[in-house]
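Reading through the structure tokens given below for one structure.
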Amino acid sequence: MYKYNEGELLRQLQEYVDKTYNEHYSQNQFQATEFIIDGGHGEGFCIGNILKYAQRYGKKEGKNRKDLLKVLHYALIALYVHDKENGGVKDYYSPHKAVAKAHIDDAYDANLSHTRKQKALYMDDTYEEKEESYYADEWNKPIG
């Protein structure tokens with residue numbers, strides 16, 4: 001059906017993207033990309049990374065196929081940001097409640113831990129469970 005093996009290449013791209021979620025995500029954690037998008041800088045961040053990995057292709061580790069997969073992955077995230085900013089998509093990472101931009105902006109005025117707590121508050125209705133683990137994590141962190 002496809003002339004350039006697009007079906008297989010899309011399958012490989014999906015496999016690559018799936019692996020990045022296993023690398024970056026675990027229960028109750030967020031990628032930095034989420035905070036960057038919530039702060040209104042998603043488009044520039046994605047375009048910058050697309051340029052970075054496109055320019056790096058062929059230079060670092062030769063013609064590294066993974067650099068091309070990163071270009072495509074950041075392009076997908078850029079499409080998500082475009083659609084989100086133009087009313088085309090809902091927030092897929094917060095299916096239970098829409099994350100109010102004002103609340104995210106308020107969270108940026110505090111430290112990262114508070115931002116995570118703030119996102120947990122607005123993401124779903126199980127905050128009590130998250131609050132308990134949040135405080136346990138905060139008290140067990142080394143100081144300095």
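To be explicit about the labels: the chains of the structure tokens are called A, B, and onward in the order shown, and within each one the residues are counted from 1, while ligands get numbers from 1 in the order they are shown.
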
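Close contacts of Val17 in chain A, defined as residues with an atom at most 12 Å away when counting only C-alpha atoms, with chain neighbours fewer than 2 positions off set aside, comprise A:Leu10, A:Arg11, A:Gln12, A:Leu13, A:Gln14, A:Glu15, A:Lys19, A:Thr20, A:Tyr21, A:Asn22, A:Glu23, A:His24, A:Tyr25, A:Lys66, A:Leu69, A:Lys70, A:Val71, A:Leu72, A:His73, A:Tyr74, A:Ala75, A:Leu76, A:Ile77.
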
(request) Please identify all polymer residues within 9 Å of Asp67 in chain A, counting only C-alpha atoms, omitting same-chain residues fewer than 5 positions from it, and present them as a PyMOL selection string. (result) chain A and resi 53-54+56-58+72

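Atom pair CA of Lys59 in chain A / CA of Gln31 in chain A: separated by 27.0 Å.
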
(message) Using DSSP assignments from the backbone, pull out every residue in range 36-91 of chain A that falls under helix (DSSP H, G or I) and give it to me as a PyMOL selection string.
(response) chain A and resi 36-38+42-56+65-85

Go ahead and write the residues just picked, C-alpha atoms, as a CSV table (one decimal), in the first residue's frame.
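Final file, selection_34.csv:
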chain,number,residue,atom,x,y,z
A,36,ILE,CA,7.5,23.2,29.5
A,37,ILE,CA,4.2,22.7,27.5
A,38,ASP,CA,2.1,23.8,30.5
A,42,GLY,CA,6.1,23.7,24.1
A,43,GLU,CA,6.3,24.9,20.5
A,44,GLY,CA,9.7,26.4,20.8
A,45,PHE,CA,11.0,23.5,22.9
A,46,CYS,CA,9.9,21.0,20.3
A,47,ILE,CA,11.1,22.9,17.3
A,48,GLY,CA,14.5,23.5,19.0
A,49,ASN,CA,14.8,19.8,19.6
A,50,ILE,CA,13.8,18.9,16.1
A,51,LEU,CA,16.6,21.2,14.8
A,52,LYS,CA,19.1,19.9,17.4
A,53,TYR,CA,18.6,16.2,16.4
A,54,ALA,CA,18.4,17.0,12.7
A,55,GLN,CA,21.7,18.8,12.8
A,56,ARG,CA,23.3,16.2,15.0
A,65,ARG,CA,18.9,6.3,13.3
A,66,LYS,CA,17.8,7.2,16.8
A,67,ASP,CA,18.4,10.9,16.0
A,68,LEU,CA,15.8,10.7,13.2
A,69,LEU,CA,13.4,8.9,15.5
A,70,LYS,CA,13.9,11.8,18.0
A,71,VAL,CA,13.1,14.3,15.3
A,72,LEU,CA,9.9,12.5,14.5
A,73,HIS,CA,8.9,12.2,18.2
A,74,TYR,CA,9.4,15.9,18.8
A,75,ALA,CA,7.5,16.6,15.7
A,76,LEU,CA,4.6,14.5,17.1
A,77,ILE,CA,4.7,16.5,20.3
A,78,ALA,CA,4.8,19.7,18.3
A,79,LEU,CA,1.6,18.6,16.5
A,80,TYR,CA,0.0,17.9,19.9
A,81,VAL,CA,1.0,21.4,21.2
A,82,HIS,CA,-0.3,23.0,17.9
A,83,ASP,CA,-3.6,21.2,18.2
A,84,LYS,CA,-3.9,21.9,22.0
A,85,GLU,CA,-3.3,25.6,21.5

(request) Quote the spacing between CA of Val89 in chain A and CA of Phe30 in chain A in Å to one decimal place. (result)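 Taking CA of Val89 in chain A as the start and CA of Phe30 in chain A as the end point, the length is 19.6 Å.
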